[in-house]
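File shown: start-v9.pdb. Contents: PDB, C-alpha atoms and all ligand atoms.
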ATOM      1  CA  MET A   4      80.817  96.599 111.039  1.00  0.00           C
ATOM      2  CA  ARG A   5      80.150  99.216 113.651  1.00  0.00           C
ATOM      3  CA  SER A   6      83.141 101.097 112.305  1.00  0.00           C
ATOM      4  CA  ILE A   7      81.716 101.122 108.792  1.00  0.00           C
ATOM      5  CA  MET A   8      78.442 102.435 110.193  1.00  0.00           C
ATOM      6  CA  LYS A   9      80.368 105.075 112.123  1.00  0.00           C
ATOM      7  CA  SER A  10      82.326 105.975 109.000  1.00  0.00           C
ATOM      8  CA  SER A  11      79.121 106.275 107.030  1.00  0.00           C
ATOM      9  CA  VAL A  12      77.573 108.429 109.737  1.00  0.00           C
ATOM     10  CA  ALA A  13      80.692 110.589 109.840  1.00  0.00           C
ATOM     11  CA  PHE A  14      80.658 110.830 106.061  1.00  0.00           C
ATOM     12  CA  VAL A  15      76.966 111.758 106.112  1.00  0.00           C
ATOM     13  CA  SER A  16      77.570 114.312 108.874  1.00  0.00           C
ATOM     14  CA  PHE A  17      80.405 115.826 106.882  1.00  0.00           C
ATOM     15  CA  LEU A  18      78.187 116.151 103.833  1.00  0.00           C
ATOM     16  CA  PHE A  19      75.353 117.650 105.855  1.00  0.00           C
ATOM     17  CA  THR A  20      77.685 120.199 107.414  1.00  0.00           C
ATOM     18  CA  THR A  21      79.374 121.108 104.165  1.00  0.00           C
ATOM     19  CA  SER A  22      76.069 121.170 102.287  1.00  0.00           C
ATOM     20  CA  THR A  23      74.635 123.618 104.794  1.00  0.00           C
ATOM     21  CA  ILE A  24      77.662 125.866 104.580  1.00  0.00           C
ATOM     22  CA  ALA A  25      77.597 125.716 100.796  1.00  0.00           C
ATOM     23  CA  SER A  26      73.894 126.545 100.596  1.00  0.00           C
ATOM     24  CA  ASP A  27      74.410 129.532 102.899  1.00  0.00           C
ATOM     25  CA  GLN A  28      77.207 130.973 100.856  1.00  0.00           C
ATOM     26  CA  GLN A  29      76.959 129.787  97.276  1.00  0.00           C
ATOM     27  CA  PRO A  30      75.067 127.339  95.038  1.00  0.00           C
ATOM     28  CA  PHE A  31      75.689 123.707  96.014  1.00  0.00           C
ATOM     29  CA  GLN A  32      78.197 121.997  93.750  1.00  0.00           C
ATOM     30  CA  PHE A  33      77.075 118.368  93.757  1.00  0.00           C
ATOM     31  CA  GLU A  34      79.900 117.075  91.594  1.00  0.00           C
ATOM     32  CA  ALA A  35      82.448 118.435  94.030  1.00  0.00           C
ATOM     33  CA  MET A  36      80.635 116.706  96.895  1.00  0.00           C
ATOM     34  CA  ALA A  37      80.051 113.350  95.196  1.00  0.00           C
ATOM     35  CA  ALA A  38      81.262 110.240  97.010  1.00  0.00           C
ATOM     36  CA  PRO A  39      84.804 109.117  96.137  1.00  0.00           C
ATOM     37  CA  SER A  40      84.946 106.521  93.388  1.00  0.00           C
ATOM     38  CA  HIS A  41      86.803 103.335  94.287  1.00  0.00           C
ATOM     39  CA  THR A  42      88.696 101.318  91.698  1.00  0.00           C
ATOM     40  CA  LEU A  43      89.778  97.691  91.513  1.00  0.00           C
ATOM     41  CA  PRO A  44      93.337  97.436  92.869  1.00  0.00           C
ATOM     42  CA  ALA A  45      95.811  95.578  90.655  1.00  0.00           C
ATOM     43  CA  LEU A  46      97.016  92.188  91.851  1.00  0.00           C
ATOM     44  CA  PRO A  47     100.641  92.225  93.032  1.00  0.00           C
ATOM     45  CA  TYR A  48     101.295  89.050  90.940  1.00  0.00           C
ATOM     46  CA  ALA A  49     100.020  87.359  87.777  1.00  0.00           C
ATOM     47  CA  TYR A  50      96.766  85.378  87.744  1.00  0.00           C
ATOM     48  CA  ASP A  51      98.708  82.103  87.419  1.00  0.00           C
ATOM     49  CA  ALA A  52     101.290  82.962  90.083  1.00  0.00           C
ATOM     50  CA  LEU A  53      99.580  80.985  92.842  1.00  0.00           C
ATOM     51  CA  GLU A  54      99.289  77.739  90.886  1.00  0.00           C
ATOM     52  CA  PRO A  55      99.024  74.879  91.559  1.00  0.00           C
ATOM     53  CA  HIS A  56      97.443  75.887  94.874  1.00  0.00           C
ATOM     54  CA  ILE A  57      94.953  78.377  93.424  1.00  0.00           C
ATOM     55  CA  SER A  58      94.286  78.136  89.704  1.00  0.00           C
ATOM     56  CA  ALA A  59      94.648  81.031  87.265  1.00  0.00           C
ATOM     57  CA  GLN A  60      91.001  80.592  86.294  1.00  0.00           C
ATOM     58  CA  ILE A  61      89.850  81.111  89.878  1.00  0.00           C
ATOM     59  CA  MET A  62      92.157  84.079  90.384  1.00  0.00           C
ATOM     60  CA  GLU A  63      91.059  85.845  87.207  1.00  0.00           C
ATOM     61  CA  LEU A  64      87.339  85.390  87.864  1.00  0.00           C
ATOM     62  CA  HIS A  65      87.710  86.164  91.541  1.00  0.00           C
ATOM     63  CA  HIS A  66      89.631  89.387  90.967  1.00  0.00           C
ATOM     64  CA  SER A  67      88.286  90.743  87.673  1.00  0.00           C
ATOM     65  CA  LYS A  68      84.646  89.727  88.143  1.00  0.00           C
ATOM     66  CA  HIS A  69      83.784  89.158  91.800  1.00  0.00           C
ATOM     67  CA  HIS A  70      85.926  91.890  93.353  1.00  0.00           C
ATOM     68  CA  GLN A  71      85.064  94.275  90.508  1.00  0.00           C
ATOM     69  CA  THR A  72      81.371  93.753  91.231  1.00  0.00           C
ATOM     70  CA  TYR A  73      81.814  94.759  94.876  1.00  0.00           C
ATOM     71  CA  VAL A  74      83.645  97.908  93.751  1.00  0.00           C
ATOM     72  CA  THR A  75      81.014  98.769  91.131  1.00  0.00           C
ATOM     73  CA  ASN A  76      78.130  98.260  93.543  1.00  0.00           C
ATOM     74  CA  LEU A  77      79.890 100.174  96.315  1.00  0.00           C
ATOM     75  CA  ASN A  78      80.398 103.167  94.046  1.00  0.00           C
ATOM     76  CA  ALA A  79      76.754 103.083  92.953  1.00  0.00           C
ATOM     77  CA  ALA A  80      75.530 102.904  96.549  1.00  0.00           C
ATOM     78  CA  MET A  81      77.816 105.713  97.707  1.00  0.00           C
ATOM     79  CA  LYS A  82      76.735 107.923  94.803  1.00  0.00           C
ATOM     80  CA  THR A  83      73.070 107.378  95.653  1.00  0.00           C
ATOM     81  CA  GLN A  84      73.930 107.973  99.300  1.00  0.00           C
ATOM     82  CA  ALA A  85      75.538 111.319  98.474  1.00  0.00           C
ATOM     83  CA  GLU A  86      72.461 112.342  96.482  1.00  0.00           C
ATOM     84  CA  ALA A  87      70.170 111.245  99.324  1.00  0.00           C
ATOM     85  CA  VAL A  88      72.196 113.284 101.798  1.00  0.00           C
ATOM     86  CA  HIS A  89      72.007 116.313  99.533  1.00  0.00           C
ATOM     87  CA  THR A  90      68.226 116.043  99.345  1.00  0.00           C
ATOM     88  CA  SER A  91      67.846 115.126 103.034  1.00  0.00           C
ATOM     89  CA  ASP A  92      66.227 111.844 101.980  1.00  0.00           C
ATOM     90  CA  ILE A  93      66.671 109.956 105.240  1.00  0.00           C
ATOM     91  CA  PRO A  94      64.696 106.797 104.271  1.00  0.00           C
ATOM     92  CA  THR A  95      66.899 106.298 101.217  1.00  0.00           C
ATOM     93  CA  GLN A  96      70.024 106.860 103.283  1.00  0.00           C
ATOM     94  CA  VAL A  97      68.920 104.180 105.742  1.00  0.00           C
ATOM     95  CA  SER A  98      67.884 101.775 102.973  1.00  0.00           C
ATOM     96  CA  LEU A  99      71.391 101.974 101.485  1.00  0.00           C
ATOM     97  CA  GLN A 100      73.213 100.870 104.644  1.00  0.00           C
ATOM     98  CA  ALA A 101      73.006  97.131 103.901  1.00  0.00           C
ATOM     99  CA  ALA A 102      74.371  97.592 100.367  1.00  0.00           C
ATOM    100  CA  ILE A 103      77.196  99.809 101.629  1.00  0.00           C
ATOM    101  CA  LYS A 104      78.067  97.299 104.375  1.00  0.00           C
ATOM    102  CA  PHE A 105      78.102  94.319 102.007  1.00  0.00           C
ATOM    103  CA  ASN A 106      79.965  95.878  99.086  1.00  0.00           C
ATOM    104  CA  ALA A 107      82.415  97.940 101.126  1.00  0.00           C
ATOM    105  CA  GLY A 108      83.130  94.779 103.115  1.00  0.00           C
ATOM    106  CA  GLY A 109      83.735  92.858  99.908  1.00  0.00           C
ATOM    107  CA  HIS A 110      86.101  95.546  98.649  1.00  0.00           C
ATOM    108  CA  ILE A 111      87.992  95.696 101.971  1.00  0.00           C
ATOM    109  CA  ASN A 112      88.250  91.915 102.386  1.00  0.00           C
ATOM    110  CA  HIS A 113      89.462  91.180  98.873  1.00  0.00           C
ATOM    111  CA  SER A 114      91.931  94.085  98.836  1.00  0.00           C
ATOM    112  CA  LEU A 115      93.525  92.698 102.007  1.00  0.00           C
ATOM    113  CA  PHE A 116      93.325  89.098 100.756  1.00  0.00           C
ATOM    114  CA  TRP A 117      95.257  89.685  97.510  1.00  0.00           C
ATOM    115  CA  GLN A 118      98.027  91.352  99.482  1.00  0.00           C
ATOM    116  CA  ASN A 119      98.244  88.533 102.012  1.00  0.00           C
ATOM    117  CA  LEU A 120      98.904  85.905  99.332  1.00  0.00           C
ATOM    118  CA  ALA A 121     102.185  85.262  97.506  1.00  0.00           C
ATOM    119  CA  PRO A 122     103.629  82.708  95.060  1.00  0.00           C
ATOM    120  CA  ALA A 123     104.664  79.545  96.904  1.00  0.00           C
ATOM    121  CA  SER A 124     108.230  79.761  95.605  1.00  0.00           C
ATOM    122  CA  SER A 125     108.777  83.302  96.896  1.00  0.00           C
ATOM    123  CA  PRO A 126     110.587  84.083 100.152  1.00  0.00           C
ATOM    124  CA  GLU A 127     107.457  85.909 101.331  1.00  0.00           C
ATOM    125  CA  ALA A 128     105.572  82.604 101.469  1.00  0.00           C
ATOM    126  CA  LYS A 129     107.864  81.239 104.193  1.00  0.00           C
ATOM    127  CA  PRO A 130     106.964  81.714 107.875  1.00  0.00           C
ATOM    128  CA  SER A 131     110.622  82.689 108.430  1.00  0.00           C
ATOM    129  CA  SER A 132     109.647  86.019 106.826  1.00  0.00           C
ATOM    130  CA  ALA A 133     107.561  86.762 109.934  1.00  0.00           C
ATOM    131  CA  PRO A 134     109.825  86.157 112.964  1.00  0.00           C
ATOM    132  CA  SER A 135     107.952  88.437 115.374  1.00  0.00           C
ATOM    133  CA  LEU A 136     104.526  87.157 114.365  1.00  0.00           C
ATOM    134  CA  VAL A 137     105.574  83.506 114.488  1.00  0.00           C
ATOM    135  CA  SER A 138     107.025  84.076 117.943  1.00  0.00           C
ATOM    136  CA  GLN A 139     103.683  85.382 119.194  1.00  0.00           C
ATOM    137  CA  ILE A 140     101.819  82.576 117.434  1.00  0.00           C
ATOM    138  CA  LYS A 141     103.974  80.061 119.323  1.00  0.00           C
ATOM    139  CA  SER A 142     103.410  81.783 122.646  1.00  0.00           C
ATOM    140  CA  THR A 143      99.654  81.869 121.982  1.00  0.00           C
ATOM    141  CA  TRP A 144      98.999  78.404 120.537  1.00  0.00           C
ATOM    142  CA  GLY A 145     102.129  76.478 121.592  1.00  0.00           C
ATOM    143  CA  ASP A 146     103.519  75.895 118.098  1.00  0.00           C
ATOM    144  CA  GLU A 147     102.774  76.634 114.455  1.00  0.00           C
ATOM    145  CA  ALA A 148     101.102  73.277 113.888  1.00  0.00           C
ATOM    146  CA  ALA A 149      98.616  73.854 116.711  1.00  0.00           C
ATOM    147  CA  PHE A 150      97.844  77.308 115.342  1.00  0.00           C
ATOM    148  CA  ARG A 151      97.224  75.918 111.858  1.00  0.00           C
ATOM    149  CA  GLU A 152      94.906  73.266 113.264  1.00  0.00           C
ATOM    150  CA  ALA A 153      92.943  75.883 115.199  1.00  0.00           C
ATOM    151  CA  PHE A 154      92.740  78.134 112.143  1.00  0.00           C
ATOM    152  CA  LYS A 155      91.653  75.240 109.942  1.00  0.00           C
ATOM    153  CA  ALA A 156      88.933  74.238 112.401  1.00  0.00           C
ATOM    154  CA  ALA A 157      87.645  77.805 112.469  1.00  0.00           C
ATOM    155  CA  LEU A 158      87.590  78.032 108.670  1.00  0.00           C
ATOM    156  CA  LEU A 159      85.843  74.701 108.209  1.00  0.00           C
ATOM    157  CA  GLY A 160      83.328  75.652 110.899  1.00  0.00           C
ATOM    158  CA  ILE A 161      81.999  78.567 108.861  1.00  0.00           C
ATOM    159  CA  GLN A 162      78.450  77.860 107.746  1.00  0.00           C
ATOM    160  CA  GLY A 163      77.627  79.344 104.373  1.00  0.00           C
ATOM    161  CA  SER A 164      79.839  82.119 103.046  1.00  0.00           C
ATOM    162  CA  GLY A 165      82.366  83.997 105.144  1.00  0.00           C
ATOM    163  CA  TRP A 166      85.978  84.667 105.999  1.00  0.00           C
ATOM    164  CA  GLY A 167      88.551  83.522 108.548  1.00  0.00           C
ATOM    165  CA  TRP A 168      91.157  85.974 109.874  1.00  0.00           C
ATOM    166  CA  LEU A 169      94.165  86.046 112.119  1.00  0.00           C
ATOM    167  CA  VAL A 170      93.723  89.303 114.003  1.00  0.00           C
ATOM    168  CA  LYS A 171      95.855  91.383 116.355  1.00  0.00           C
ATOM    169  CA  VAL A 172      93.591  92.748 119.067  1.00  0.00           C
ATOM    170  CA  GLU A 173      94.887  95.809 120.874  1.00  0.00           C
ATOM    171  CA  THR A 174      93.405  96.823 124.204  1.00  0.00           C
ATOM    172  CA  GLY A 175      95.251  99.778 125.628  1.00  0.00           C
ATOM    173  CA  ALA A 176      98.929  98.865 125.798  1.00  0.00           C
ATOM    174  CA  GLU A 177      98.166  95.144 125.613  1.00  0.00           C
ATOM    175  CA  GLN A 178      97.847  93.079 122.466  1.00  0.00           C
ATOM    176  CA  ARG A 179      96.927  89.513 121.693  1.00  0.00           C
ATOM    177  CA  LEU A 180      96.313  87.319 118.660  1.00  0.00           C
ATOM    178  CA  ALA A 181      92.907  85.863 117.882  1.00  0.00           C
ATOM    179  CA  ILE A 182      91.278  83.759 115.166  1.00  0.00           C
ATOM    180  CA  VAL A 183      88.101  85.438 113.996  1.00  0.00           C
ATOM    181  CA  THR A 184      85.459  84.328 111.499  1.00  0.00           C
ATOM    182  CA  THR A 185      83.007  86.689 109.833  1.00  0.00           C
ATOM    183  CA  LYS A 186      79.810  86.072 107.910  1.00  0.00           C
ATOM    184  CA  ASP A 187      79.266  87.009 104.262  1.00  0.00           C
ATOM    185  CA  GLN A 188      81.436  90.073 103.556  1.00  0.00           C
ATOM    186  CA  ASP A 189      81.567  91.489 107.078  1.00  0.00           C
ATOM    187  CA  PRO A 190      85.106  92.889 107.424  1.00  0.00           C
ATOM    188  CA  VAL A 191      87.317  93.024 110.521  1.00  0.00           C
ATOM    189  CA  VAL A 192      87.215  96.751 111.225  1.00  0.00           C
ATOM    190  CA  GLY A 193      86.468  96.952 114.958  1.00  0.00           C
ATOM    191  CA  LYS A 194      88.337  99.400 117.135  1.00  0.00           C
ATOM    192  CA  GLY A 195      91.675  97.902 118.172  1.00  0.00           C
ATOM    193  CA  GLU A 196      91.410  95.077 115.611  1.00  0.00           C
ATOM    194  CA  VAL A 197      94.212  94.721 113.049  1.00  0.00           C
ATOM    195  CA  PRO A 198      93.576  92.035 110.391  1.00  0.00           C
ATOM    196  CA  ILE A 199      96.860  90.184 109.724  1.00  0.00           C
ATOM    197  CA  PHE A 200      95.780  87.695 107.098  1.00  0.00           C
ATOM    198  CA  GLY A 201      92.475  86.362 105.890  1.00  0.00           C
ATOM    199  CA  VAL A 202      91.173  83.387 103.934  1.00  0.00           C
ATOM    200  CA  ASP A 203      88.142  83.723 101.687  1.00  0.00           C
ATOM    201  CA  MET A 204      85.741  80.855 102.398  1.00  0.00           C
ATOM    202  CA  TRP A 205      83.163  81.739  99.760  1.00  0.00           C
ATOM    203  CA  GLU A 206      82.726  78.925  97.252  1.00  0.00           C
ATOM    204  CA  HIS A 207      83.854  81.234  94.442  1.00  0.00           C
ATOM    205  CA  ALA A 208      87.328  81.168  96.068  1.00  0.00           C
ATOM    206  CA  TYR A 209      87.882  77.435  95.555  1.00  0.00           C
ATOM    207  CA  TYR A 210      85.003  75.531  93.957  1.00  0.00           C
ATOM    208  CA  LEU A 211      86.211  75.543  90.325  1.00  0.00           C
ATOM    209  CA  GLN A 212      89.391  73.758  91.414  1.00  0.00           C
ATOM    210  CA  TYR A 213      88.586  71.932  94.636  1.00  0.00           C
ATOM    211  CA  LEU A 214      84.851  71.273  94.096  1.00  0.00           C
ATOM    212  CA  ASN A 215      83.527  70.177  97.510  1.00  0.00           C
ATOM    213  CA  GLY A 216      87.048  69.584  98.838  1.00  0.00           C
ATOM    214  CA  LYS A 217      87.004  72.576 101.140  1.00  0.00           C
ATOM    215  CA  ALA A 218      89.513  70.987 103.536  1.00  0.00           C
ATOM    216  CA  ALA A 219      92.081  70.559 100.731  1.00  0.00           C
ATOM    217  CA  TYR A 220      91.736  74.259  99.837  1.00  0.00           C
ATOM    218  CA  VAL A 221      92.329  75.177 103.475  1.00  0.00           C
ATOM    219  CA  GLU A 222      95.391  72.905 103.620  1.00  0.00           C
ATOM    220  CA  ASN A 223      96.892  74.291 100.419  1.00  0.00           C
ATOM    221  CA  ILE A 224      96.296  77.939 101.218  1.00  0.00           C
ATOM    222  CA  TRP A 225      99.223  77.725 103.667  1.00  0.00           C
ATOM    223  CA  ASN A 226     101.561  77.364 100.691  1.00  0.00           C
ATOM    224  CA  VAL A 227     100.646  80.836  99.447  1.00  0.00           C
ATOM    225  CA  ILE A 228     100.228  82.910 102.614  1.00  0.00           C
ATOM    226  CA  ASN A 229     102.364  86.052 102.400  1.00  0.00           C
ATOM    227  CA  TRP A 230     104.160  86.005 105.750  1.00  0.00           C
ATOM    228  CA  LYS A 231     106.117  89.151 104.938  1.00  0.00           C
ATOM    229  CA  THR A 232     102.867  91.117 104.610  1.00  0.00           C
ATOM    230  CA  ALA A 233     101.559  89.394 107.724  1.00  0.00           C
ATOM    231  CA  GLU A 234     104.637  90.498 109.683  1.00  0.00           C
ATOM    232  CA  GLU A 235     104.243  94.094 108.485  1.00  0.00           C
ATOM    233  CA  ARG A 236     100.586  94.147 109.533  1.00  0.00           C
ATOM    234  CA  PHE A 237     101.438  92.565 112.880  1.00  0.00           C
ATOM    235  CA  LEU A 238     104.104  95.183 113.592  1.00  0.00           C
ATOM    236  CA  GLY A 239     102.083  98.074 112.129  1.00  0.00           C
ATOM    237  CA  THR A 240      98.947  99.915 113.105  1.00  0.00           C
ATOM    238  CA  ARG A 241      95.345  99.487 112.060  1.00  0.00           C
ATOM    239  CA  ALA A 242      95.663 102.630 109.935  1.00  0.00           C
ATOM    240  CA  ASP A 243      98.688 101.136 108.146  1.00  0.00           C
ATOM    241  CA  VAL A 244      96.669  98.071 107.122  1.00  0.00           C
ATOM    242  CA  PHE A 245      93.852 100.086 105.584  1.00  0.00           C
ATOM    243  CA  LYS A 246      96.084 102.559 103.756  1.00  0.00           C
ATOM    244  CA  LEU A 247      95.868 100.428 100.613  1.00  0.00           C
ATOM    245  CA  LEU A 248      92.156 101.205 100.322  1.00  0.00           C
ATOM    246  CA  LYS A 249      92.942 104.890  99.836  1.00  0.00           C
ATOM    247  CA  THR A 250      95.233 104.079  96.953  1.00  0.00           C
ATOM    248  CA  SER A 251      92.292 102.596  95.018  1.00  0.00           C
ATOM    249  CA  ILE A 252      90.196 105.773  95.051  1.00  0.00           C
TER
HETATM  250 FE    FE B 301      85.891  86.280  97.293  1.00  0.00          FE
END

Here is a file; write its structure as structure tokens.
Ligand SMILES: [Fe+2]
Amino acid sequence: MRSIMKSSVAFVSFLFTTSTIASDQQPFQFEAMAAPSHTLPALPYAYDALEPHISAQIMELHHSKHHQTYVTNLNAAMKTQAEAVHTSDIPTQVSLQAAIKFNAGGHINHSLFWQNLAPASSPEAKPSSAPSLVSQIKSTWGDEAAFREAFKAALLGIQGSGWGWLVKVETGAEQRLAIVTTKDQDPVVGKGEVPIFGVDMWEHAYYLQYLNGKAAYVENIWNVINWKTAEERFLGTRADVFKLLKTSI
């Protein structure tokens, strides 16, 4: 979350700097300085492609309603933020931080989530599509089964709404894998942290199909994890992972 705050501060600083330059030289053009407008990224598969593990009804509502709402609210908050920067309205800028954190987090998390799922019958849904990642999983947890148990325990330990992630943590030249849980829509954006795959543990992700059977949802999600995407994220950089966000602006 610190990175989002830093990004917002950098964005605000950029606007302040540019606004000052513009006011010194020519009338300020607000439209040209308005915050970028994010759009809902298309799913890389049909709404029913993850059945029977995740129903088409859940996927359609989750993508077209829930994710869309995060995008809509993020755009509104960023637009107000840009106006508040232009008018040097510091209290409004500060008051918007929670909305920007929550809705930007929701947009980031869901954009990554859709990409790290795949139809169960596809080659991407097989761990053999991620030889390097699976090798490091085995060296970290002993074997795949132990990793899945640890991941499941972390997911089921989340109180309220949140997410569970497998993360590559880079410290200098060293790297390691870690299981991380986050609250609400907090994204994994810390320096040196590369999210590999995540599982949405909000009730809207499973309740219509699994009701209170959260453990069954966690068991079945393994059938639709996109290991090919996971391998690419594991071998790539943090910037590579977040490139997809720029394509939805
Ligand atoms: Fe969600």

Open item on the list: Given all atoms listed in the file as the basis, pick out the residue of A:His70, A:His89, A:Pro122, A:Asp189 nearest to Ala52 (chain A).
Closed with: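 Looking only at the distances to Ala52 (chain A), the closest residue turns out to be A:Pro122.
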
Could you produce a table of the residues of chain A lying within 9 Å of ligand FE 301 (chain B), with the nearest pair of atoms per residue and their separation in Å rounded to one decimal, using only C-alpha atoms and all ligand atoms, ordered by chain and increasing residue number, as a Markdown table?
| residue | atom | partner | partner_atom | distance |
| --- | --- | --- | --- | --- |
| A:His65 | CA | B:FE301 | FE | 6.0 |
| A:His66 | CA | B:FE301 | FE | 8.0 |
| A:His69 | CA | B:FE301 | FE | 6.5 |
| A:His70 | CA | B:FE301 | FE | 6.9 |
| A:Gly109 | CA | B:FE301 | FE | 7.4 |
| A:Asn112 | CA | B:FE301 | FE | 8.0 |
| A:His113 | CA | B:FE301 | FE | 6.3 |
| A:Phe116 | CA | B:FE301 | FE | 8.7 |
| A:Gly165 | CA | B:FE301 | FE | 8.9 |
| A:Trp166 | CA | B:FE301 | FE | 8.9 |
| A:Gln188 | CA | B:FE301 | FE | 8.6 |
| A:Val202 | CA | B:FE301 | FE | 9.0 |
| A:Asp203 | CA | B:FE301 | FE | 5.6 |
| A:Met204 | CA | B:FE301 | FE | 7.5 |
| A:Trp205 | CA | B:FE301 | FE | 5.8 |
| A:Glu206 | CA | B:FE301 | FE | 8.0 |
| A:His207 | CA | B:FE301 | FE | 6.1 |
| A:Ala208 | CA | B:FE301 | FE | 5.4 |

- [ ] Could you tell me how far CA of Glu234 (chain A) lies from CA of Asp146 (chain A), in Å and to one decimal?
- [x]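 Separation between CA of Glu234 (chain A) and CA of Asp146 (chain A): 16.9 Å.
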
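Proximity of A:Leu180, A:Val227, A:Thr185, A:Thr42 to Ser164 (chain A), computed with all atoms listed in the file, is greatest for A:Thr185.
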
TODO: Run the PyMOL selection byres (((chain A and resi 173) around 10) and not hetatm) on the file and write out the hits as a list in words.
DONE: Val170, Lys171, Val172, Thr174, Gly175, Ala176, Glu177, Gln178, Arg179, Leu180, Lys194, Gly195, Glu196, Val197, Thr240 and Arg241 of chain A

- [ ] Within 10 Å of Val97 (chain A), counting all atoms listed in the file, which residues show up once you throw out same-chain ones fewer than 4 positions away? Write them as a list in words, please.
- [x]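 Here the qualifying residues turn out to be Gln84, Ala87, Asp92, Ile93 and Ala101 of chain A.
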
Task: Residues returned when the PyMOL selection byres (((chain A and resi 157) around 8) and not hetatm) runs on this file, as a list in words - done: Ala153, Phe154, Lys155, Ala156, Leu158, Leu159, Gly160, Ile161, Gly167, Ile182, Val183 and Thr184 of chain A

Open item on the list: Quick check, in Å to one decimal: how far apart do CA of Trp230 (chain A) and CA of Lys129 (chain A) lie?
Closed with: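 CA of Trp230 (chain A) sits 6.2 Å away from CA of Lys129 (chain A).
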
TODO: Please check which residues have atoms at most 9 Å from (91.1, 98.3, 99.1) in the file's coordinates, counting all atoms listed in the file, and write them as a PyMOL selection string.
DONE: chain A and resi 41-44+107+110-115+245-252

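Of the residues under consideration (A:Ser67, A:Gln100, A:Ser58, A:Ser132), A:Ser132 shows the shortest atom-to-atom contact distance to Lys231 (chain A) when counting only C-alpha atoms.
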
With N, CA and C atoms as the goal, would you fill in the gaps in region 154-166 of chain A and present it as a short mmCIF file (atom, residue, chain, number, x, y, z; two decimals), in the coordinates of the input?
data_model
loop_
_atom_site.label_atom_id
_atom_site.label_comp_id
_atom_site.auth_asym_id
_atom_site.auth_seq_id
_atom_site.Cartn_x
_atom_site.Cartn_y
_atom_site.Cartn_z
N PHE A 154 93.21 77.28 113.24
CA PHE A 154 92.74 78.13 112.14
C PHE A 154 91.89 77.32 111.17
N LYS A 155 92.39 76.13 110.86
CA LYS A 155 91.65 75.24 109.94
C LYS A 155 90.27 74.90 110.51
N ALA A 156 90.22 74.59 111.78
CA ALA A 156 88.93 74.24 112.40
C ALA A 156 87.97 75.41 112.33
N ALA A 157 88.50 76.61 112.54
CA ALA A 157 87.64 77.81 112.47
C ALA A 157 87.12 78.01 111.05
N LEU A 158 88.01 77.85 110.06
CA LEU A 158 87.59 78.03 108.67
C LEU A 158 86.54 77.02 108.26
N LEU A 159 86.77 75.75 108.61
CA LEU A 159 85.84 74.70 108.21
C LEU A 159 84.54 74.75 109.01
N GLY A 160 84.54 75.51 110.09
CA GLY A 160 83.33 75.65 110.90
C GLY A 160 82.39 76.74 110.40
N ILE A 161 82.85 77.49 109.40
CA ILE A 161 82.00 78.57 108.86
C ILE A 161 80.83 77.95 108.11
N GLN A 162 79.64 78.35 108.44
CA GLN A 162 78.45 77.86 107.75
C GLN A 162 78.06 78.88 106.69
N GLY A 163 77.92 78.41 105.45
CA GLY A 163 77.63 79.34 104.37
C GLY A 163 78.88 80.10 103.98
N SER A 164 78.71 81.33 103.53
CA SER A 164 79.84 82.12 103.05
C SER A 164 80.41 82.99 104.15
N GLY A 165 81.74 83.15 104.13
CA GLY A 165 82.37 84.00 105.14
C GLY A 165 83.87 84.00 104.99
N TRP A 166 84.53 84.52 106.00
CA TRP A 166 85.98 84.67 106.00
C TRP A 166 86.54 84.23 107.34
#
